[in-house]
Structures are given as C-alpha cells and as structure tokens.
There are 2 protein chains.
Amino acid sequence: MTKRYLEDFAVGQTFGSGRLRIDKERIKTFAAEFDPQPFHLDDDARDSNARDSIFRGLAASGWHTGAITMRLLVESELKRAGGIVGTGFDEFRWPRPVRPGYELRVESEVLEVRSSKSRPARG
Amino acid sequence: MTKRYLEDFAVGQTFGSGRLRIDKERIKTFAAEFDPQPFHLDDDARDSNARDSIFRGLAASGWHTGAITMRLLVESELKRAGGIVGTGFDEFRWPRPVRPGYELRVESEVLEVRSSKSRPARG
C-alpha cells in the first residue's frame, strides 16, 4: 500500500486495523520481564493473588496492551510516511482490564493536520 | 521491604530505582514483535533505513522503554500496597531516543495524595 504524506491526511479520516488475540502465556512472560506483579503473572486457582487484586483475575500489563496496540497501528491502513513516531500523549487511558483470549483492534481518526513549527515539511 | 499504604505517602517524597541496561538484540526482538519499523529493527551499516530515519540510527521502541520503566518502578522503593496500577497518563513524553547500551533508571515523586472518590479506603 502507498505511504501517506502530510498532504494526504485530512481531518475526519479514519483508519482500521487487523486483530490480534492476546495469549495467556504471553501475558505472563511479558509480565515476568517487564511488569512482575501478581495480577499479571498468576492465575492459579490455588494462589489467589490475582483474584484478590484490584483486577479480580489475570489481566495483561498495560505496557503489553500498549505494545500490541502499536503493532496493530504499524500494520494498519494508516501507513504514515516516515513511520509512526510520537513524542508522547496528552491523554492516555487504560479503561478496562485486558484478559487472556481477548482480541484487540485499533481505530484511528485524524483530529488535526498541521506542519511542524521547526520543520514545516513534516507534520 | 514493607509495603506502603495510602497513609504512608506524603507530598514531596521521592523514590529511587535500580538501573537496567537496554540491549541491542532485545531492542530488535521487542520491535519485531510489537513495533516493526526500520529505526527499531535495523542498524546494519549496509542498510541505511535506521540512519536515514528521524532517529538517525537504531533506537528502542517507546513501548520497550515504557515497559522497562515499569519494571524499574515495580522493583523501586515505591512498594505501593495493592500494586502499581494506573488508569492512564495526563502527560506522557518520550523526550529523547534510547540507544543500545543506555542504562535507564526511574525517579518518582509524590505530587499529590488523595482518596479515591468511589473507594475512600484506596487512594
């Protein structure tokens, strides 16, 4: 698919993504490396750390779901020339726990189109 | 170390972390799974995709550095009872690229202490 440049974007455009299923074993191995807390590691019925936590059961690390979101975005129809790179978020929310077996997908919408102040050829 | 409860926190407290070194091979494997873009995958001098990108060389995915930050925070002196869980960020920035071999550490500071409106025993 053709890459999109600054002039190809317009307010209101939307882009869809495919779907990725989040796997129970990957939830645990991701957490073991990056977010080793019981509610991301342990769903053993004999050890109720996950069930007694604020999540009431095994849930994916928010960094895992964020990373999967990035994968979906990179492979979505957005196809931004120069790549999908950001310097941060003004408003970022994890509204609900992501459980083993959930399928994730991304919808993106162009809210504003503007040139970079320091590099007007970029946006 | 003892876990800290709501009443143990006060504005101005700071908590340090250990250090984690970010490895070149892990930058590439993380990116292959979650953020497959040239500037996170490729530092081969024969293929200049990374060097010609906005990063001017291999840089870690922001999701990778975020995840490492979480690991440092979980193992830091913060030790929040109930775990380190958040619903999002109001201001989140990736100010500079993270290169292979960089060591990361986290400093956290308590800016405000307040009870949850819906569950006053939490905060």
# chains A, B, ... in the order shown; residues from 1 in each chain; ligands from 1
call {"tool": "interface_residues", "arguments": {"of": "chain B", "to": "chain A", "cutoff": "7 Å", "atoms": "only C-alpha atoms", "output": "PyMOL selection string"}}
result
chain B and resi 34-35+37+53+63+66-68+70-71+74+82-83+87-95
call {"tool": "atom_distance", "arguments": {"atom1": "CA of Arg26 in chain A", "atom2": "CA of Tyr102 in chain A"}}
result
12.4 Å
call {"tool": "select_by_dssp", "arguments": {"residues": "chain A", "states": "alpha helix (DSSP H)", "output": "number ranges by chain"}}
result
A: 24-34, 38-41, 62-74
call {"tool": "atom_distance", "arguments": {"atom1": "CA of Thr29 in chain A", "atom2": "CA of Ala50 in chain A"}}
result
15.3 Å
call {"tool": "atom_distance", "arguments": {"atom1": "CA of Ala121 in chain B", "atom2": "CA of Ala81 in chain B"}}
result
12.1 Å
call {"tool": "select_by_dssp", "arguments": {"residues": "chain A", "states": "strand (DSSP E)", "output": "list in words"}}
result
Thr14, Phe15, Leu20, Arg21, Gly88, Phe89, Phe92, Arg93, Glu103, Leu104, Ser108 and Glu109 of chain A
call {"tool": "write_last_selection", "arguments": {"atoms": "N, CA, C and O atoms", "output": "PDB file, in the first residue's frame"}}
result
ATOM      1  N   THR A  14     -10.516   8.133   8.898  1.00  0.00           N
ATOM      2  CA  THR A  14     -10.354   7.063   9.879  1.00  0.00           C
ATOM      3  C   THR A  14      -9.616   5.899   9.230  1.00  0.00           C
ATOM      4  O   THR A  14      -9.691   5.686   8.014  1.00  0.00           O
ATOM      5  N   PHE A  15      -8.897   5.161  10.070  1.00  0.00           N
ATOM      6  CA  PHE A  15      -8.113   4.020   9.602  1.00  0.00           C
ATOM      7  C   PHE A  15      -8.357   2.832  10.514  1.00  0.00           C
ATOM      8  O   PHE A  15      -8.298   2.955  11.737  1.00  0.00           O
ATOM      9  N   LEU A  20      -5.526  -8.717  16.823  1.00  0.00           N
ATOM     10  CA  LEU A  20      -4.549  -9.608  17.452  1.00  0.00           C
ATOM     11  C   LEU A  20      -5.156 -10.153  18.734  1.00  0.00           C
ATOM     12  O   LEU A  20      -5.715  -9.415  19.536  1.00  0.00           O
ATOM     13  N   ARG A  21      -5.018 -11.464  18.920  1.00  0.00           N
ATOM     14  CA  ARG A  21      -5.513 -12.127  20.117  1.00  0.00           C
ATOM     15  C   ARG A  21      -4.401 -12.135  21.155  1.00  0.00           C
ATOM     16  O   ARG A  21      -3.251 -12.449  20.838  1.00  0.00           O
ATOM     17  N   GLY A  88       4.858  11.650  22.625  1.00  0.00           N
ATOM     18  CA  GLY A  88       4.122  11.444  23.871  1.00  0.00           C
ATOM     19  C   GLY A  88       2.623  11.488  23.671  1.00  0.00           C
ATOM     20  O   GLY A  88       2.127  11.459  22.537  1.00  0.00           O
ATOM     21  N   PHE A  89       1.932  11.512  24.809  1.00  0.00           N
ATOM     22  CA  PHE A  89       0.469  11.564  24.841  1.00  0.00           C
ATOM     23  C   PHE A  89       0.015  12.711  25.732  1.00  0.00           C
ATOM     24  O   PHE A  89       0.599  12.943  26.790  1.00  0.00           O
ATOM     25  N   PHE A  92      -3.979   9.657  27.819  1.00  0.00           N
ATOM     26  CA  PHE A  92      -3.794   8.228  27.566  1.00  0.00           C
ATOM     27  C   PHE A  92      -4.552   7.486  28.652  1.00  0.00           C
ATOM     28  O   PHE A  92      -4.374   7.777  29.830  1.00  0.00           O
ATOM     29  N   ARG A  93      -5.412   6.530  28.263  1.00  0.00           N
ATOM     30  CA  ARG A  93      -6.201   5.815  29.275  1.00  0.00           C
ATOM     31  C   ARG A  93      -6.214   4.310  28.993  1.00  0.00           C
ATOM     32  O   ARG A  93      -6.291   3.895  27.826  1.00  0.00           O
ATOM     33  N   GLU A 103      -9.429 -10.278  21.843  1.00  0.00           N
ATOM     34  CA  GLU A 103      -8.889  -9.800  20.574  1.00  0.00           C
ATOM     35  C   GLU A 103      -8.881  -8.281  20.591  1.00  0.00           C
ATOM     36  O   GLU A 103      -9.877  -7.657  20.956  1.00  0.00           O
ATOM     37  N   LEU A 104      -7.760  -7.712  20.182  1.00  0.00           N
ATOM     38  CA  LEU A 104      -7.633  -6.250  20.176  1.00  0.00           C
ATOM     39  C   LEU A 104      -7.580  -5.743  18.741  1.00  0.00           C
ATOM     40  O   LEU A 104      -7.026  -6.390  17.857  1.00  0.00           O
ATOM     41  N   SER A 108      -8.177   4.521  14.316  1.00  0.00           N
ATOM     42  CA  SER A 108      -7.563   5.843  14.478  1.00  0.00           C
ATOM     43  C   SER A 108      -8.311   6.848  13.617  1.00  0.00           C
ATOM     44  O   SER A 108      -8.874   6.515  12.570  1.00  0.00           O
ATOM     45  N   GLU A 109      -8.314   8.084  14.100  1.00  0.00           N
ATOM     46  CA  GLU A 109      -9.030   9.164  13.409  1.00  0.00           C
ATOM     47  C   GLU A 109      -8.149  10.408  13.422  1.00  0.00           C
ATOM     48  O   GLU A 109      -7.509  10.715  14.431  1.00  0.00           O
TER      49      GLU A 109
END
call {"tool": "residues_around", "arguments": {"residues": "Phe9 in chain B", "least_positions_apart": "6", "cutoff": "12 Å", "atoms": "only C-alpha atoms", "output": "ChimeraX atom specification"}}
result
/B:3,15,78-81,109-115,123
call {"tool": "write_last_selection", "arguments": {"atoms": "N, CA and C atoms", "output": "PDB file, in the first residue's frame"}}
result
ATOM      1  N   LYS B   3       5.451  -2.798  52.600  1.00  0.00           N
ATOM      2  CA  LYS B   3       4.644  -2.129  51.587  1.00  0.00           C
ATOM      3  C   LYS B   3       4.082  -0.829  52.133  1.00  0.00           C
ATOM      4  N   PHE B  15      11.321   8.503  45.412  1.00  0.00           N
ATOM      5  CA  PHE B  15      11.724   7.107  45.442  1.00  0.00           C
ATOM      6  C   PHE B  15      12.655   6.829  44.272  1.00  0.00           C
ATOM      7  N   LEU B  78       9.300   2.373  45.837  1.00  0.00           N
ATOM      8  CA  LEU B  78       7.918   2.855  45.939  1.00  0.00           C
ATOM      9  C   LEU B  78       7.027   1.870  46.703  1.00  0.00           C
ATOM     10  N   LYS B  79       7.071   0.598  46.330  1.00  0.00           N
ATOM     11  CA  LYS B  79       6.420  -0.509  47.058  1.00  0.00           C
ATOM     12  C   LYS B  79       4.987  -0.195  47.467  1.00  0.00           C
ATOM     13  N   ARG B  80       4.186   0.204  46.513  1.00  0.00           N
ATOM     14  CA  ARG B  80       2.810   0.563  46.825  1.00  0.00           C
ATOM     15  C   ARG B  80       1.986  -0.682  47.120  1.00  0.00           C
ATOM     16  N   ALA B  81       1.339  -0.705  48.283  1.00  0.00           N
ATOM     17  CA  ALA B  81       0.463  -1.830  48.631  1.00  0.00           C
ATOM     18  C   ALA B  81      -0.665  -1.906  47.612  1.00  0.00           C
ATOM     19  N   GLU B 109       8.227  10.941  42.306  1.00  0.00           N
ATOM     20  CA  GLU B 109       7.971  11.930  43.356  1.00  0.00           C
ATOM     21  C   GLU B 109       6.472  12.018  43.587  1.00  0.00           C
ATOM     22  N   VAL B 110       6.067  12.095  44.839  1.00  0.00           N
ATOM     23  CA  VAL B 110       4.648  12.219  45.179  1.00  0.00           C
ATOM     24  C   VAL B 110       4.241  13.677  45.019  1.00  0.00           C
ATOM     25  N   LEU B 111       3.318  13.924  44.076  1.00  0.00           N
ATOM     26  CA  LEU B 111       2.868  15.298  43.817  1.00  0.00           C
ATOM     27  C   LEU B 111       1.583  15.616  44.567  1.00  0.00           C
ATOM     28  N   GLU B 112       0.804  14.588  44.859  1.00  0.00           N
ATOM     29  CA  GLU B 112      -0.490  14.787  45.499  1.00  0.00           C
ATOM     30  C   GLU B 112      -0.875  13.475  46.165  1.00  0.00           C
ATOM     31  N   VAL B 113      -1.588  13.551  47.271  1.00  0.00           N
ATOM     32  CA  VAL B 113      -2.103  12.353  47.948  1.00  0.00           C
ATOM     33  C   VAL B 113      -3.590  12.566  48.161  1.00  0.00           C
ATOM     34  N   ARG B 114      -4.406  11.690  47.574  1.00  0.00           N
ATOM     35  CA  ARG B 114      -5.846  11.842  47.809  1.00  0.00           C
ATOM     36  C   ARG B 114      -6.554  10.489  47.737  1.00  0.00           C
ATOM     37  N   SER B 115      -7.709  10.424  48.437  1.00  0.00           N
ATOM     38  CA  SER B 115      -8.512   9.211  48.463  1.00  0.00           C
ATOM     39  C   SER B 115      -9.306   9.099  47.170  1.00  0.00           C
ATOM     40  N   GLY B 123      -6.460   5.008  47.369  1.00  0.00           N
ATOM     41  CA  GLY B 123      -6.017   6.369  47.032  1.00  0.00           C
ATOM     42  C   GLY B 123      -5.117   6.376  45.833  1.00  0.00           C
TER      43      GLY B 123
END
call {"tool": "decode", "arguments": {"residues": "range 10-24 of chain A", "atoms": "all heavy atoms", "output": "mmCIF file, in the first residue's frame"}}
result
data_model
loop_
_atom_site.group_PDB
_atom_site.id
_atom_site.type_symbol
_atom_site.label_atom_id
_atom_site.label_comp_id
_atom_site.auth_asym_id
_atom_site.auth_seq_id
_atom_site.Cartn_x
_atom_site.Cartn_y
_atom_site.Cartn_z
ATOM 1 N N ALA A 10 -6.414 14.345 6.133
ATOM 2 C CA ALA A 10 -7.463 15.359 6.293
ATOM 3 C C ALA A 10 -8.266 15.027 7.555
ATOM 4 O O ALA A 10 -8.444 13.854 7.896
ATOM 5 C CB ALA A 10 -8.386 15.359 5.074
ATOM 6 N N VAL A 11 -8.708 16.060 8.215
ATOM 7 C CA VAL A 11 -9.487 15.877 9.436
ATOM 8 C C VAL A 11 -10.691 14.992 9.155
ATOM 9 O O VAL A 11 -11.377 15.175 8.149
ATOM 10 C CB VAL A 11 -9.929 17.245 9.997
ATOM 11 C CG1 VAL A 11 -10.912 17.073 11.162
ATOM 12 C CG2 VAL A 11 -8.711 18.045 10.451
ATOM 13 N N GLY A 12 -10.907 14.025 10.024
ATOM 14 C CA GLY A 12 -12.057 13.146 9.896
ATOM 15 C C GLY A 12 -11.756 11.806 9.261
ATOM 16 O O GLY A 12 -12.581 10.889 9.350
ATOM 17 N N GLN A 13 -10.591 11.682 8.624
ATOM 18 C CA GLN A 13 -10.229 10.369 8.066
ATOM 19 C C GLN A 13 -10.095 9.342 9.195
ATOM 20 O O GLN A 13 -9.607 9.666 10.270
ATOM 21 C CB GLN A 13 -8.883 10.447 7.337
ATOM 22 C CG GLN A 13 -8.950 11.081 5.964
ATOM 23 C CD GLN A 13 -7.558 11.296 5.386
ATOM 24 O OE1 GLN A 13 -6.587 11.417 6.123
ATOM 25 N NE2 GLN A 13 -7.481 11.374 4.079
ATOM 26 N N THR A 14 -10.516 8.133 8.898
ATOM 27 C CA THR A 14 -10.354 7.063 9.879
ATOM 28 C C THR A 14 -9.616 5.899 9.230
ATOM 29 O O THR A 14 -9.691 5.686 8.014
ATOM 30 C CB THR A 14 -11.718 6.565 10.406
ATOM 31 O OG1 THR A 14 -12.489 6.093 9.302
ATOM 32 C CG2 THR A 14 -12.468 7.661 11.123
ATOM 33 N N PHE A 15 -8.897 5.161 10.070
ATOM 34 C CA PHE A 15 -8.113 4.020 9.602
ATOM 35 C C PHE A 15 -8.357 2.832 10.514
ATOM 36 O O PHE A 15 -8.298 2.955 11.737
ATOM 37 C CB PHE A 15 -6.623 4.378 9.579
ATOM 38 C CG PHE A 15 -6.320 5.586 8.743
ATOM 39 C CD1 PHE A 15 -6.161 6.827 9.332
ATOM 40 C CD2 PHE A 15 -6.263 5.479 7.364
ATOM 41 C CE1 PHE A 15 -5.916 7.955 8.554
ATOM 42 C CE2 PHE A 15 -6.023 6.596 6.574
ATOM 43 C CZ PHE A 15 -5.850 7.835 7.177
ATOM 44 N N GLY A 16 -8.609 1.692 9.926
ATOM 45 C CA GLY A 16 -8.833 0.479 10.702
ATOM 46 C C GLY A 16 -7.573 -0.357 10.805
ATOM 47 O O GLY A 16 -6.554 -0.064 10.176
ATOM 48 N N SER A 17 -7.637 -1.395 11.613
ATOM 49 C CA SER A 17 -6.511 -2.319 11.755
ATOM 50 C C SER A 17 -7.031 -3.746 11.685
ATOM 51 O O SER A 17 -8.245 -3.972 11.702
ATOM 52 C CB SER A 17 -5.807 -2.105 13.099
ATOM 53 O OG SER A 17 -6.509 -2.759 14.148
ATOM 54 N N GLY A 18 -6.115 -4.677 11.645
ATOM 55 C CA GLY A 18 -6.476 -6.068 11.842
ATOM 56 C C GLY A 18 -6.757 -6.340 13.311
ATOM 57 O O GLY A 18 -6.965 -5.415 14.099
ATOM 58 N N ARG A 19 -6.748 -7.626 13.663
ATOM 59 C CA ARG A 19 -6.998 -8.025 15.045
ATOM 60 C C ARG A 19 -5.852 -8.881 15.542
ATOM 61 O O ARG A 19 -5.285 -9.660 14.778
ATOM 62 C CB ARG A 19 -8.276 -8.864 15.148
ATOM 63 C CG ARG A 19 -9.539 -8.065 14.923
ATOM 64 C CD ARG A 19 -10.740 -8.982 14.706
ATOM 65 N NE ARG A 19 -11.955 -8.215 14.546
ATOM 66 C CZ ARG A 19 -12.819 -7.973 15.533
ATOM 67 N NH1 ARG A 19 -12.628 -8.457 16.747
ATOM 68 N NH2 ARG A 19 -13.898 -7.249 15.319
ATOM 69 N N LEU A 20 -5.526 -8.717 16.823
ATOM 70 C CA LEU A 20 -4.549 -9.608 17.452
ATOM 71 C C LEU A 20 -5.156 -10.153 18.734
ATOM 72 O O LEU A 20 -5.715 -9.415 19.536
ATOM 73 C CB LEU A 20 -3.254 -8.861 17.789
ATOM 74 C CG LEU A 20 -2.210 -8.741 16.677
ATOM 75 C CD1 LEU A 20 -1.046 -7.873 17.125
ATOM 76 C CD2 LEU A 20 -1.684 -10.134 16.296
ATOM 77 N N ARG A 21 -5.018 -11.464 18.920
ATOM 78 C CA ARG A 21 -5.513 -12.127 20.117
ATOM 79 C C ARG A 21 -4.401 -12.135 21.155
ATOM 80 O O ARG A 21 -3.251 -12.449 20.838
ATOM 81 C CB ARG A 21 -5.907 -13.562 19.757
ATOM 82 C CG ARG A 21 -6.591 -14.326 20.858
ATOM 83 C CD ARG A 21 -7.040 -15.692 20.338
ATOM 84 N NE ARG A 21 -7.685 -16.459 21.385
ATOM 85 C CZ ARG A 21 -7.029 -17.111 22.322
ATOM 86 N NH1 ARG A 21 -5.727 -17.125 22.337
ATOM 87 N NH2 ARG A 21 -7.691 -17.779 23.271
ATOM 88 N N ILE A 22 -4.714 -11.790 22.382
ATOM 89 C CA ILE A 22 -3.701 -11.765 23.439
ATOM 90 C C ILE A 22 -3.748 -13.103 24.190
ATOM 91 O O ILE A 22 -4.800 -13.552 24.646
ATOM 92 C CB ILE A 22 -3.864 -10.531 24.358
ATOM 93 C CG1 ILE A 22 -2.633 -10.333 25.243
ATOM 94 C CG2 ILE A 22 -5.132 -10.590 25.181
ATOM 95 C CD1 ILE A 22 -2.540 -8.935 25.848
ATOM 96 N N ASP A 23 -2.603 -13.721 24.265
ATOM 97 C CA ASP A 23 -2.462 -15.087 24.739
ATOM 98 C C ASP A 23 -2.074 -15.123 26.219
ATOM 99 O O ASP A 23 -1.275 -14.310 26.677
ATOM 100 C CB ASP A 23 -1.359 -15.732 23.880
ATOM 101 C CG ASP A 23 -0.986 -17.098 24.334
ATOM 102 O OD1 ASP A 23 -1.767 -18.028 24.087
ATOM 103 O OD2 ASP A 23 0.076 -17.239 24.979
ATOM 104 N N LYS A 24 -2.648 -16.091 26.950
ATOM 105 C CA LYS A 24 -2.395 -16.166 28.390
ATOM 106 C C LYS A 24 -0.912 -16.359 28.719
ATOM 107 O O LYS A 24 -0.375 -15.684 29.603
ATOM 108 C CB LYS A 24 -3.198 -17.317 29.006
ATOM 109 C CG LYS A 24 -3.015 -17.413 30.510
ATOM 110 C CD LYS A 24 -3.614 -18.679 31.101
ATOM 111 C CE LYS A 24 -5.105 -18.534 31.267
ATOM 112 N NZ LYS A 24 -5.667 -19.677 32.054
#
